[in-house]
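Source file: query39.cif; contents: mmCIF, C-alpha atoms.
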data_target
loop_
_atom_site.label_atom_id
_atom_site.label_comp_id
_atom_site.auth_asym_id
_atom_site.auth_seq_id
_atom_site.Cartn_x
_atom_site.Cartn_y
_atom_site.Cartn_z
CA MET D 114 0.00 0.00 0.00
CA ALA D 115 1.18 3.50 -0.79
CA GLU D 116 1.10 6.52 1.50
CA ASN D 117 -2.31 7.46 2.89
CA ARG D 118 -3.88 10.82 2.12
CA GLU D 119 -4.97 13.26 4.82
CA VAL D 120 -8.50 14.54 5.17
CA SER D 121 -9.57 18.08 4.22
CA MET D 122 -12.72 19.77 5.46
CA GLU D 123 -14.05 19.97 1.90
CA LYS D 124 -13.73 16.21 1.42
CA LEU D 125 -15.28 15.51 4.80
CA VAL D 126 -18.29 17.77 4.15
CA SER D 127 -18.76 16.20 0.72
CA LEU D 128 -18.77 12.68 2.14
CA CYS D 129 -21.18 13.64 4.93
CA LYS D 130 -23.68 15.00 2.40
CA ARG D 131 -23.20 12.20 -0.13
CA ARG D 132 -23.59 9.37 2.36
CA GLY D 133 -26.29 10.84 4.58
CA PHE D 134 -24.37 11.87 7.69
CA VAL D 135 -25.07 15.62 7.78
CA TYR D 136 -27.30 17.92 5.68
CA GLN D 137 -27.59 21.70 5.60
CA SER D 138 -30.64 22.73 7.63
CA SER D 139 -33.57 23.94 5.47
CA GLU D 140 -31.49 23.28 2.38
CA ILE D 141 -34.41 23.52 -0.08
CA TYR D 142 -34.93 27.12 1.10
CA GLY D 143 -31.28 28.05 0.73
CA GLY D 144 -30.19 26.81 4.14
CA LEU D 145 -29.81 28.44 7.54
CA SER D 146 -26.37 29.53 8.71
CA GLY D 147 -25.09 27.71 11.78
CA ALA D 148 -27.69 24.92 11.69
CA TRP D 149 -27.30 21.35 10.44
CA ASP D 150 -29.49 18.25 10.21
CA TYR D 151 -28.20 14.74 10.90
CA GLY D 152 -29.20 12.20 8.28
CA PRO D 153 -29.81 8.44 8.67
CA LEU D 154 -26.15 7.61 9.27
CA GLY D 155 -25.38 10.84 11.12
CA VAL D 156 -28.04 10.38 13.77
CA GLU D 157 -26.85 6.82 14.39
CA LEU D 158 -23.26 8.03 14.77
CA LYS D 159 -24.27 10.89 17.07
CA ASN D 160 -26.38 8.61 19.26
CA ARG D 161 -23.56 6.09 19.55
CA VAL D 162 -21.05 8.76 20.58
CA LYS D 163 -23.54 10.00 23.17
CA ASP D 164 -24.29 6.50 24.46
CA TYR D 165 -20.58 5.67 24.69
CA TRP D 166 -19.96 8.82 26.77
CA TRP D 167 -22.99 8.13 28.98
CA ARG D 168 -21.84 4.58 29.66
CA GLU D 169 -18.33 5.82 30.43
CA MET D 170 -19.53 8.47 32.88
CA THR D 171 -22.40 6.69 34.64
CA GLN D 172 -22.34 2.91 34.19
CA LEU D 173 -18.59 2.63 34.77
CA HIS D 174 -18.63 4.86 37.88
CA ASP D 175 -20.64 4.01 40.98
CA ASN D 176 -20.67 7.63 42.21
CA ILE D 177 -22.07 9.44 39.15
CA VAL D 178 -25.80 9.77 38.46
CA GLY D 179 -27.69 11.23 35.52
CA LEU D 180 -30.02 14.17 34.97
CA ASP D 181 -32.07 15.68 32.15
CA ALA D 182 -32.97 19.29 33.01
CA ALA D 183 -35.34 21.53 31.04
CA ILE D 184 -33.97 23.76 28.30
CA MET D 185 -35.87 26.82 29.57
CA MET D 186 -35.14 27.85 33.14
CA HIS D 187 -36.10 30.69 35.47
CA PRO D 188 -34.30 33.86 34.25
CA ARG D 189 -32.77 34.38 37.70
CA VAL D 190 -30.67 31.27 37.05
CA TRP D 191 -28.74 33.20 34.41
CA GLU D 192 -28.34 36.24 36.64
CA ALA D 193 -26.82 34.04 39.35
CA SER D 194 -24.53 32.23 36.93
CA GLY D 195 -23.20 35.49 35.50
CA HIS D 196 -24.37 34.84 31.96
CA ILE D 197 -26.50 37.96 31.69
CA ASP D 198 -23.61 40.22 32.69
CA ASN D 199 -20.60 38.30 31.37
CA PHE D 200 -21.70 36.07 28.49
CA SER D 201 -20.91 38.24 25.50
CA ASP D 202 -18.42 38.65 22.65
CA PRO D 203 -17.03 41.91 21.21
CA LEU D 204 -18.67 42.50 17.81
CA VAL D 205 -17.68 44.70 14.88
CA ASP D 206 -19.26 45.21 11.45
CA CYS D 207 -17.68 46.32 8.20
CA LYS D 208 -19.61 49.40 7.09
CA GLN D 209 -18.71 48.71 3.47
CA CYS D 210 -19.63 45.04 2.90
CA LYS D 211 -21.74 44.51 6.07
CA SER D 212 -19.67 41.49 7.16
CA ARG D 213 -19.62 40.76 10.89
CA PHE D 214 -16.64 39.67 12.97
CA ARG D 215 -15.57 39.00 16.54
CA ALA D 216 -13.33 41.93 17.41
CA ASP D 217 -10.91 39.71 19.34
CA GLN D 218 -10.31 37.45 16.32
CA ILE D 219 -9.27 40.02 13.68
CA ASN D 220 -6.84 42.92 13.41
CA LEU D 221 -8.98 46.07 13.56
CA GLU D 222 -6.12 48.12 12.08
CA ALA D 223 -5.91 45.92 8.98
CA PRO D 224 -8.23 45.99 5.94
CA CYS D 225 -11.51 44.06 6.07
CA PRO D 226 -10.69 40.40 5.24
CA VAL D 227 -13.82 40.17 3.06
CA CYS D 228 -13.89 43.34 0.94
CA GLY D 229 -10.33 44.63 1.48
CA ASN D 230 -11.35 48.16 2.46
CA SER D 231 -9.55 49.96 5.26
CA GLY D 232 -11.02 52.02 8.09
CA THR D 233 -14.52 50.56 7.66
CA PHE D 234 -14.96 48.74 10.99
CA THR D 235 -17.51 49.97 13.51
CA GLU D 236 -16.55 50.44 17.14
CA PRO D 237 -16.58 47.13 19.08
CA ARG D 238 -19.78 46.50 21.03
CA ASP D 239 -20.87 43.70 23.35
CA PHE D 240 -23.00 41.00 21.76
CA ASN D 241 -24.88 38.77 24.24
CA LEU D 242 -24.77 35.16 23.13
CA MET D 243 -28.04 34.04 24.73
CA PHE D 244 -31.23 33.56 22.73
CA ALA D 245 -34.14 35.29 24.44
CA THR D 246 -37.81 34.43 23.98
CA HIS D 247 -41.09 34.92 25.85
CA ILE D 248 -43.18 32.51 27.84
CA GLY D 249 -46.92 32.99 28.24
CA PRO D 250 -49.46 35.06 26.26
CA VAL D 251 -48.03 38.53 26.99
CA LYS D 252 -44.69 39.73 25.65
CA ASP D 253 -43.13 42.04 28.24
CA ASP D 254 -40.04 42.13 30.42
CA SER D 255 -41.61 39.79 32.97
CA SER D 256 -42.14 37.03 30.39
CA ILE D 257 -38.55 36.85 29.09
CA VAL D 258 -36.85 33.46 29.29
CA TYR D 259 -33.66 32.21 27.66
CA LEU D 260 -32.72 29.14 25.71
CA ARG D 261 -29.95 27.77 27.88
CA PRO D 262 -26.42 28.51 26.63
CA GLU D 263 -25.02 25.56 28.62
CA THR D 264 -26.36 22.51 30.45
CA ALA D 265 -24.32 22.94 33.64
CA GLN D 266 -26.73 25.27 35.43
CA GLY D 267 -29.51 22.68 35.29
CA ILE D 268 -27.22 20.43 37.31
CA PHE D 269 -26.37 23.07 39.91
CA VAL D 270 -29.96 24.11 40.58
CA ASN D 271 -30.87 20.43 41.07
CA PHE D 272 -27.98 19.71 43.45
CA ARG D 273 -30.19 19.68 46.55
CA ASN D 274 -32.84 17.54 44.83
CA VAL D 275 -30.28 14.90 43.85
CA VAL D 276 -28.72 14.79 47.32
CA GLN D 277 -32.14 14.41 48.97
CA THR D 278 -33.52 11.78 46.58
CA SER D 279 -30.46 9.69 45.66
CA ARG D 280 -28.03 7.72 47.79
CA VAL D 281 -25.05 9.86 46.83
CA LYS D 282 -22.26 11.03 49.08
CA ILE D 283 -19.43 13.43 48.35
CA PRO D 284 -17.45 12.96 46.20
CA PHE D 285 -20.10 12.33 43.53
CA GLY D 286 -21.01 13.55 40.07
CA ILE D 287 -24.09 14.46 38.06
CA ALA D 288 -23.96 13.87 34.30
CA GLN D 289 -26.17 15.33 31.59
CA VAL D 290 -26.43 15.37 27.80
CA GLY D 291 -28.60 18.03 26.23
CA LYS D 292 -29.20 20.82 23.77
CA ALA D 293 -27.69 24.26 24.25
CA PHE D 294 -27.98 27.43 22.18
CA ARG D 295 -25.58 30.30 21.54
CA ASN D 296 -26.21 33.25 19.26
CA GLU D 297 -22.72 33.07 17.79
CA VAL D 298 -21.30 36.12 16.05
CA THR D 299 -19.86 33.84 13.37
CA THR D 300 -20.52 30.17 12.70
CA LYS D 301 -17.90 28.24 10.79
CA ASN D 302 -16.12 24.98 10.10
CA PHE D 303 -19.16 22.82 9.39
CA ILE D 304 -20.62 21.41 12.64
CA PHE D 305 -17.72 22.64 14.81
CA ARG D 306 -19.32 25.98 15.77
CA THR D 307 -23.10 26.21 15.48
CA CYS D 308 -25.94 28.11 17.13
CA GLU D 309 -27.68 24.90 18.24
CA PHE D 310 -25.55 22.09 19.63
CA GLU D 311 -25.44 19.39 22.28
CA GLN D 312 -23.22 19.17 25.32
CA MET D 313 -22.03 16.21 27.39
CA GLU D 314 -21.24 17.57 30.84
CA MET D 315 -20.47 16.13 34.25
CA GLN D 316 -20.20 18.18 37.43
CA PHE D 317 -18.24 16.41 40.16
CA PHE D 318 -18.85 17.68 43.70
CA VAL D 319 -15.95 17.40 46.16
CA LYS D 320 -14.93 18.51 49.63
CA PRO D 321 -13.10 21.87 49.71
CA GLY D 322 -9.37 21.23 49.84
CA GLU D 323 -9.66 18.04 47.79
CA ASP D 324 -10.41 19.82 44.53
CA ASP D 325 -6.81 19.81 43.23
CA LYS D 326 -6.59 16.04 43.64
CA TRP D 327 -9.85 15.43 41.79
CA PHE D 328 -8.94 17.96 39.10
CA GLU D 329 -5.88 15.87 38.23
CA PHE D 330 -7.93 12.69 38.41
CA TRP D 331 -10.47 13.91 35.87
CA LYS D 332 -7.79 15.30 33.55
CA ASN D 333 -6.33 11.80 33.33
CA GLU D 334 -9.71 10.10 33.05
CA ARG D 335 -10.89 12.29 30.20
CA ILE D 336 -7.75 12.06 28.05
CA SER D 337 -7.80 8.26 28.54
CA TYR D 338 -11.40 8.16 27.30
CA TYR D 339 -10.37 9.17 23.80
CA ASP D 340 -7.92 6.28 23.63
CA LYS D 341 -10.86 3.95 24.28
CA LEU D 342 -12.64 5.55 21.32
CA GLY D 343 -9.66 4.70 19.13
CA ILE D 344 -8.69 8.34 18.56
CA ARG D 345 -5.05 8.75 17.53
CA LYS D 346 -2.97 10.00 20.47
CA GLU D 347 -0.82 12.29 18.33
CA LYS D 348 -3.97 14.23 17.40
CA LEU D 349 -4.73 15.15 21.03
CA ARG D 350 -3.09 17.55 23.45
CA PHE D 351 -3.75 19.58 26.61
CA HIS D 352 -3.91 23.38 26.63
CA ARG D 353 -3.85 25.11 30.01
CA HIS D 354 -5.76 28.38 30.28
CA GLY D 355 -3.66 31.42 31.09
CA GLU D 356 -4.84 34.07 33.54
CA ASN D 357 -6.40 36.11 30.75
CA GLU D 358 -8.27 33.04 29.43
CA LEU D 359 -9.83 31.78 32.65
CA ALA D 360 -13.60 32.12 32.97
CA HIS D 361 -14.90 34.24 35.81
CA TYR D 362 -15.78 31.13 37.84
CA ALA D 363 -12.58 29.12 37.21
CA LYS D 364 -9.66 28.46 39.56
CA ASP D 365 -7.89 26.36 36.92
CA ALA D 366 -8.81 25.02 33.48
CA PHE D 367 -7.43 22.75 30.79
CA ASP D 368 -8.76 22.15 27.31
CA ILE D 369 -8.34 18.87 25.51
CA GLU D 370 -7.59 19.96 21.96
CA TYR D 371 -7.84 17.89 18.79
CA GLU D 372 -6.08 18.58 15.49
CA PHE D 373 -9.09 19.01 13.20
CA PRO D 374 -8.63 19.58 9.44
CA MET D 375 -8.70 23.33 10.20
CA GLY D 376 -6.05 23.02 12.95
CA TRP D 377 -5.91 22.55 16.72
CA GLN D 378 -9.25 23.40 18.37
CA GLU D 379 -10.93 22.89 21.72
CA LEU D 380 -12.73 19.57 22.09
CA GLU D 381 -13.43 19.36 25.81
CA GLY D 382 -12.82 21.44 28.90
CA ILE D 383 -11.87 20.35 32.43
CA HIS D 384 -12.53 23.19 34.86
CA SER D 385 -12.02 23.71 38.58
CA ARG D 386 -15.07 25.87 39.41
CA THR D 387 -14.56 26.08 43.23
CA ASP D 388 -17.86 26.78 45.07
CA PHE D 389 -18.82 29.64 42.75
CA ASP D 390 -21.96 28.11 41.25
CA LEU D 391 -23.62 26.69 44.36
CA SER D 392 -22.74 29.81 46.37
CA ARG D 393 -24.30 32.09 43.75
CA HIS D 394 -27.46 30.03 43.46
CA ALA D 395 -27.78 29.91 47.24
CA GLU D 396 -27.44 33.69 47.33
CA TYR D 397 -29.91 34.40 44.53
CA SER D 398 -32.49 31.76 45.49
CA GLY D 399 -32.26 32.11 49.25
CA LYS D 400 -32.07 28.31 49.58
CA ASP D 401 -29.57 26.36 51.65
CA LEU D 402 -27.25 24.50 49.26
CA THR D 403 -24.72 23.32 51.82
CA TYR D 404 -23.83 19.66 52.23
CA LEU D 405 -23.81 17.81 55.58
CA ASP D 406 -20.89 15.38 55.60
CA ASP D 407 -20.68 12.13 57.56
CA ASP D 408 -18.43 13.83 60.13
CA LYS D 409 -21.22 16.41 60.71
CA SER D 410 -19.26 19.19 59.01
CA ARG D 411 -21.30 21.42 56.72
CA TYR D 412 -19.91 23.14 53.63
CA ILE D 413 -20.66 24.22 50.08
CA PRO D 414 -18.96 21.67 47.80
CA TYR D 415 -16.36 22.57 45.23
CA VAL D 416 -16.92 21.45 41.64
CA ILE D 417 -14.74 19.83 38.99
CA GLU D 418 -16.39 20.08 35.58
CA THR D 419 -15.84 18.02 32.45
CA SER D 420 -17.62 19.57 29.48
CA ALA D 421 -17.50 18.16 25.95
CA GLY D 422 -19.45 19.12 22.85
CA LEU D 423 -21.35 16.16 21.39
CA THR D 424 -21.43 17.68 17.90
CA ARG D 425 -17.73 18.54 18.11
CA SER D 426 -17.06 14.99 19.21
CA VAL D 427 -18.92 13.73 16.15
CA LEU D 428 -16.75 15.95 13.93
CA MET D 429 -13.65 14.65 15.71
CA VAL D 430 -14.71 11.03 15.17
CA LEU D 431 -15.38 11.70 11.48
CA SER D 432 -12.10 13.58 11.03
CA ASP D 433 -10.03 10.96 12.82
CA ALA D 434 -11.68 8.07 10.98
CA TYR D 435 -11.46 9.48 7.45
CA GLU D 436 -8.74 8.14 5.20
CA GLU D 437 -8.07 7.91 1.49
CA GLU D 438 -5.98 4.80 1.13
CA GLU D 439 -4.00 4.24 -2.06
CA LEU D 440 -3.92 0.53 -2.87
CA GLU D 441 -1.70 -1.53 -5.13
CA GLY D 442 -2.35 -0.74 -8.78
CA GLY D 443 -3.24 2.90 -8.03
CA ASP D 444 -6.77 2.23 -6.81
CA VAL D 445 -7.94 4.50 -3.96
CA ARG D 446 -10.49 3.51 -1.36
CA THR D 447 -12.16 5.99 0.98
CA VAL D 448 -12.60 4.45 4.39
CA LEU D 449 -13.89 5.60 7.77
CA HIS D 450 -12.02 3.79 10.56
CA PHE D 451 -14.77 4.11 13.17
CA HIS D 452 -14.45 2.15 16.37
CA PRO D 453 -17.01 -0.66 15.92
CA SER D 454 -18.94 0.60 18.96
CA LEU D 455 -19.51 3.92 17.17
CA ALA D 456 -20.09 2.79 13.58
CA PRO D 457 -23.63 3.55 12.30
CA VAL D 458 -23.68 0.12 10.67
CA THR D 459 -21.86 -2.68 12.49
CA VAL D 460 -22.29 -5.50 9.98
CA ALA D 461 -23.17 -5.60 6.29
CA VAL D 462 -24.67 -8.85 5.04
CA LEU D 463 -23.93 -9.39 1.35
CA PRO D 464 -25.22 -12.39 -0.66
CA LEU D 465 -22.84 -13.12 -3.53
CA VAL D 466 -25.80 -13.70 -5.88
CA LYS D 467 -29.57 -13.34 -5.60
CA LYS D 468 -30.41 -16.83 -6.91
CA ASP D 469 -30.13 -20.48 -5.88
CA GLY D 470 -31.28 -19.81 -2.33
CA ILE D 471 -28.22 -17.68 -1.47
CA ALA D 472 -30.31 -14.55 -0.82
CA GLU D 473 -32.67 -16.47 1.48
CA ILE D 474 -29.76 -17.76 3.58
CA ALA D 475 -28.32 -14.22 3.74
CA GLN D 476 -31.65 -12.81 4.92
CA GLY D 477 -31.72 -15.37 7.71
CA VAL D 478 -28.18 -14.46 8.75
CA ALA D 479 -29.08 -10.75 8.74
CA SER D 480 -32.17 -11.40 10.84
CA ASP D 481 -30.14 -13.27 13.47
CA LEU D 482 -27.44 -10.59 13.62
CA ARG D 483 -30.00 -7.79 14.03
CA GLU D 484 -30.79 -9.11 17.51
CA GLU D 485 -27.46 -7.64 18.65
CA PHE D 486 -25.95 -5.43 15.94
CA ALA D 487 -26.89 -2.67 13.49
CA VAL D 488 -27.13 -4.56 10.19
CA PHE D 489 -27.34 -3.40 6.58
CA TYR D 490 -28.44 -5.86 3.89
CA ASP D 491 -27.21 -5.22 0.34
CA GLN D 492 -27.57 -7.53 -2.66
CA SER D 493 -27.02 -4.99 -5.46
CA GLY D 494 -23.89 -4.74 -7.61
CA ALA D 495 -20.51 -6.41 -7.75
CA ILE D 496 -19.19 -7.59 -4.39
CA GLY D 497 -16.11 -5.36 -4.66
CA ARG D 498 -18.23 -2.24 -5.11
CA ARG D 499 -20.40 -3.25 -2.18
CA TYR D 500 -17.30 -3.59 0.00
CA ARG D 501 -16.21 -0.09 -1.04
CA ARG D 502 -19.62 1.38 -0.20
CA MET D 503 -19.41 -0.15 3.26
CA ASP D 504 -15.82 1.08 3.74
CA GLU D 505 -16.91 4.63 2.91
CA ILE D 506 -19.56 4.67 5.66
CA GLY D 507 -17.26 2.97 8.18
CA THR D 508 -18.89 -0.48 8.46
CA PRO D 509 -16.29 -2.59 10.34
CA PHE D 510 -17.51 -6.04 9.27
CA CYS D 511 -18.92 -7.49 6.07
CA VAL D 512 -20.42 -10.97 5.89
CA THR D 513 -20.59 -12.59 2.44
CA ILE D 514 -22.81 -15.58 1.77
CA ASP D 515 -21.79 -17.72 -1.21
CA TYR D 516 -22.25 -21.23 -2.65
CA ASP D 517 -19.87 -22.73 -0.09
CA THR D 518 -22.27 -21.51 2.60
CA LYS D 519 -24.88 -23.94 1.33
CA GLU D 520 -22.42 -26.80 1.68
CA ASP D 521 -20.52 -26.16 4.92
CA LYS D 522 -22.62 -23.53 6.74
CA THR D 523 -19.74 -21.03 6.82
CA VAL D 524 -19.57 -17.42 5.64
CA THR D 525 -16.79 -15.00 4.74
CA LEU D 526 -16.16 -12.38 7.43
CA ARG D 527 -14.28 -9.36 6.06
CA PHE D 528 -12.54 -6.79 8.27
CA ARG D 529 -12.74 -3.16 7.13
CA ASP D 530 -9.36 -1.89 8.31
CA SER D 531 -7.15 -4.71 7.04
CA MET D 532 -9.49 -6.04 4.31
CA GLU D 533 -8.61 -9.51 5.63
CA GLN D 534 -11.19 -12.24 5.02
CA VAL D 535 -11.76 -15.39 7.09
CA ARG D 536 -14.31 -18.21 7.00
CA VAL D 537 -16.53 -18.45 10.08
CA PRO D 538 -19.32 -20.96 10.86
CA ILE D 539 -22.73 -19.27 10.86
CA ASP D 540 -23.50 -20.44 14.39
CA GLU D 541 -20.27 -18.80 15.65
CA LEU D 542 -20.68 -15.52 13.74
CA THR D 543 -22.35 -13.45 16.49
CA SER D 544 -19.84 -14.45 19.16
CA ARG D 545 -16.90 -13.86 16.79
CA ILE D 546 -18.07 -10.32 15.96
CA ARG D 547 -18.67 -9.62 19.63
CA VAL D 548 -15.07 -10.62 20.47
CA GLU D 549 -13.69 -8.58 17.56
CA ILE D 550 -15.52 -5.46 18.81
CA LYS D 551 -14.23 -5.94 22.36
CA ASN D 552 -10.64 -6.41 21.22
CA TYR D 553 -10.66 -3.80 18.45
CA ARG D 554 -7.51 -1.77 17.90
CA ARG D 555 -7.08 0.45 14.89
CA VAL D 556 -4.34 -0.74 12.55
#
Translate this file's structure into structure tokens.
Amino acid sequence: MAENREVSMEKLVSLCKRRGFVYQSSEIYGGLSGAWDYGPLGVELKNRVKDYWWREMTQLHDNIVGLDAAIMMHPRVWEASGHIDNFSDPLVDCKQCKSRFRADQINLEAPCPVCGNSGTFTEPRDFNLMFATHIGPVKDDSSIVYLRPETAQGIFVNFRNVVQTSRVKIPFGIAQVGKAFRNEVTTKNFIFRTCEFEQMEMQFFVKPGEDDKWFEFWKNERISYYDKLGIRKEKLRFHRHGENELAHYAKDAFDIEYEFPMGWQELEGIHSRTDFDLSRHAEYSGKDLTYLDDDKSRYIPYVIETSAGLTRSVLMVLSDAYEEEELEGGDVRTVLHFHPSLAPVTVAVLPLVKKDGIAEIAQGVASDLREEFAVFYDQSGAIGRRYRRMDEIGTPFCVTIDYDTKEDKTVTLRFRDSMEQVRVPIDELTSRIRVEIKNYRRV
């Protein structure tokens, strides 16, 4: 095999549209900037990434529980959290071409990067990132609510409820996956930065004084998680926030960055939030949010946060999996090296021919496999082209039923990454695939 070719954003976007991973929102009306729809394969991939994270954070830890808070919350929540006063970006417009930019991401002394004119920028002004709407029949100041810009606050305002109704003791965590909305000044890089997105967050509550220890623990846990997903280690790194980068609530913060096609970008944040959130909500709500420990001491817990974007994680998985592999003879195959636990289709069942009872045997095999795996049945076209179609959508295993199957009850099991093929008895096929998934390592 010759040298493999790297992915570009243009190629990735093209594949996502062509194979039904991601579509432009409202495309038949010209589309809507910053909004994307997930097609048949995309929604399966997104759900599998979410489920993998949920299992990692809840099922594999006996001190983390789940939550699903409402998107709309009492407006005082956002006053307490600081979002109404602090959640804004500096915005400038070009008076000539009407393009809009974040003032901290361009040189205001240079010409406009769109039209090339100089001296056409407006003065920077604050642009609040929260979407506001109204609840109830009357639109006035008292009916304003916000679409949440993050999921974390739903966890903090439910801290007391969880402690009172669940058998949790500090240290413990609350995990949540949900929609969030930010009125971004600029949306760019496909699904990386959008106005509507999903977050996977976990807030871990600890005793004051033990926060540094748990901060290091969760840094190590979260970087190790991506190795389980099969993400290449050389594509990941830590970035520590400097003093001028730290959020108003943060004592310390690290980003896990991934090298996307457009360069190194934030993938997940690990933040030491101290007792800021619970203290603020106690102050603004007037409710007691202290915790009574087993030794009868009472305190407001400190918080270690892990916050990852689900949609960014999907883009990472797509970027890391994509490869154009040049084969012997100059042929090129496009392949997505998804971890089998994430692949939208786990197994493709492919009868070699439609006649002589081969298709009927294949349908029976597919039916049995569907009890445990996501299966795609395809009997159209040459077998080589069918393999290539499955490679391009990241299907890790293909099962081919042929004339030998009728004689010895075996099938050909093909592996996506290596293209190796082995014969496996039909009655051992499910257990063999299960073992291959458990032991998967990207080659």
(message) With only C-alpha atoms as the counted atoms, please give the residues lying no more than 6 Å from segment 318-333 of chain D, apart from itself and same-chain residues fewer than 4 positions off, as number ranges by chain.
(response) D: 283-286, 414-416
(request) Would you please work out which residue, of D:Met315, D:Tyr371, D:Ile413, D:Ser426, is nearest to Ile383 of chain D when using all atoms listed in the file? (result) D:Met315
(message) Residues within 9 Å of segment 230-245 of chain D, please, as an NGL selection string. Count only C-alpha atoms; anything in the same chain fewer than 3 positions from it doesn't count.
(response) :D and (196-210 or 215-216 or 221-227 or 257-262 or 294-298)
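For Ile369 of chain D, the residues within 7 Å (counting all atoms listed in the file, excluding itself and residues fewer than 2 positions away along the chain) are D:Leu349, D:Arg350, D:Phe351, D:His352, D:Phe367, D:Tyr371, D:Glu379, D:Leu380, D:Glu381, D:Gly382.
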Could you tell me which residues the PyMOL selection byres ((chain D and resi 539) around 7) grabs in this file, written as an mmCIF file with C-alpha atoms, in the coordinates of the input?
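Saved to result_27.cif:
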data_model
loop_
_atom_site.group_PDB
_atom_site.id
_atom_site.type_symbol
_atom_site.label_atom_id
_atom_site.label_comp_id
_atom_site.auth_asym_id
_atom_site.auth_seq_id
_atom_site.Cartn_x
_atom_site.Cartn_y
_atom_site.Cartn_z
ATOM 1 C CA LYS D 522 -22.620 -23.530 6.740
ATOM 2 C CA THR D 523 -19.740 -21.030 6.820
ATOM 3 C CA VAL D 524 -19.570 -17.420 5.640
ATOM 4 C CA VAL D 537 -16.530 -18.450 10.080
ATOM 5 C CA PRO D 538 -19.320 -20.960 10.860
ATOM 6 C CA ASP D 540 -23.500 -20.440 14.390
ATOM 7 C CA GLU D 541 -20.270 -18.800 15.650
ATOM 8 C CA LEU D 542 -20.680 -15.520 13.740
#
(request) May I ask for the distance between atom CA of Leu405 of chain D and atom CA of Asn176 of chain D, given in Å to one decimal place? (result)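 About the pair atom CA of Leu405 of chain D and atom CA of Asn176 of chain D: they are 17.1 Å apart.
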Check which residues of segment 143-163 of chain D sit at most 9 Å from segment 301-305 of chain D using all atoms listed in the file, and return one row each with the closest pair of atoms and their distance in Å to one decimal, ordered by chain and rising number, as a tab-separated table.
residue	atom	partner	partner_atom	distance
D:Ser146	CA	D:Lys301	CA	8.8
D:Gly147	CA	D:Lys301	CA	7.3
D:Ala148	CA	D:Ile304	CA	8.0
D:Trp149	CA	D:Ile304	CA	7.0
Next, dump the selected residues to file, keeping only C-alpha atoms, as a short mmCIF file (atom, residue, chain, number, x, y, z; two decimals), in the frame of the given file.
data_model
loop_
_atom_site.label_atom_id
_atom_site.label_comp_id
_atom_site.auth_asym_id
_atom_site.auth_seq_id
_atom_site.Cartn_x
_atom_site.Cartn_y
_atom_site.Cartn_z
CA SER D 146 -26.37 29.53 8.71
CA GLY D 147 -25.09 27.71 11.78
CA ALA D 148 -27.69 24.92 11.69
CA TRP D 149 -27.30 21.35 10.44
#
Segment 169-175 of chain D: which residues within 10 Å, counting only C-alpha atoms, same-chain residues fewer than 6 positions away excluded, as a PDB file with C-alpha atoms, in the coordinates of the input?
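What landed in around08.pdb:
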ATOM      1  CA  LYS D 163     -23.540  10.000  23.170  1.00  0.00           C
ATOM      2  CA  VAL D 281     -25.050   9.860  46.830  1.00  0.00           C
ATOM      3  CA  PHE D 285     -20.100  12.330  43.530  1.00  0.00           C
ATOM      4  CA  GLY D 286     -21.010  13.550  40.070  1.00  0.00           C
ATOM      5  CA  ILE D 287     -24.090  14.460  38.060  1.00  0.00           C
ATOM      6  CA  ALA D 288     -23.960  13.870  34.300  1.00  0.00           C
ATOM      7  CA  GLN D 289     -26.170  15.330  31.590  1.00  0.00           C
ATOM      8  CA  MET D 313     -22.030  16.210  27.390  1.00  0.00           C
ATOM      9  CA  GLU D 314     -21.240  17.570  30.840  1.00  0.00           C
ATOM     10  CA  MET D 315     -20.470  16.130  34.250  1.00  0.00           C
ATOM     11  CA  GLU D 334      -9.710  10.100  33.050  1.00  0.00           C
ATOM     12  CA  ARG D 335     -10.890  12.290  30.200  1.00  0.00           C
ATOM     13  CA  TYR D 338     -11.400   8.160  27.300  1.00  0.00           C
ATOM     14  CA  LYS D 341     -10.860   3.950  24.280  1.00  0.00           C
TER      15      LYS D 341
END
(message) Given the PyMOL selection byres ((chain D and resi 485-490) around 7) and the file above, list the residues it selects as a PyMOL selection string.
(response) chain D and resi 458-463+479+482-484+491-492
Need the axis-aligned box for segment 277-292 of chain D with 3 Å each side, so what are the centre and edges in Å to one decimal, as AutoDock Vina command-line options?
--center_x -25.5 --center_y 14.3 --center_z 36.4 --size_x 22.1 --size_y 19.1 --size_z 31.3
(request) Record the distance separating atom CA of Tyr136 of chain D and atom CA of His450 of chain D, expressed in Å with one decimal. (result)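 Between atom CA of Tyr136 of chain D and atom CA of His450 of chain D the gap works out to 21.4 Å.
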(message) Taking all atoms listed in the file into account, name the residue in D:Thr307, D:Ser127, D:Ser194, D:Ser255 that is nearest to Phe269 of chain D.
(response)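 Between D:Thr307, D:Ser127, D:Ser194, D:Ser255, the residue approaching Phe269 of chain D most closely is D:Ser194.
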(message) To test your reading of the syntax: which residues would the PyMOL selection byres ((chain D and resi 373) around 12) return for the file shown? Reply as an NGL selection string.
(response) :D and (119-122 or 125 or 302-305 or 344-345 or 347-350 or 370-372 or 374-380 or 425-435)
(message) Report, in Å to a single decimal, how far apart atom CA of Trp166 of chain D and atom CA of Arg501 of chain D are.
(response)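 These atoms are spaced 29.4 Å apart.
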(request) Rank nothing, just name the residue among D:Glu533, D:Glu311, D:Glu436, D:Asp368 nearest to Val162 of chain D, using only C-alpha atoms. (result)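 Closest to Val162 of chain D of all the choices is D:Glu311.
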(request) Tell me which protein, DNA and RNA residues are within 12 Å of Val156 of chain D, counting all atoms listed in the file, leaving out same-chain ones fewer than 2 positions away, and put them as a VMD selection string. (result) chain D and resid 129 133 to 136 149 to 154 158 to 164 423 to 424 427 455 to 458
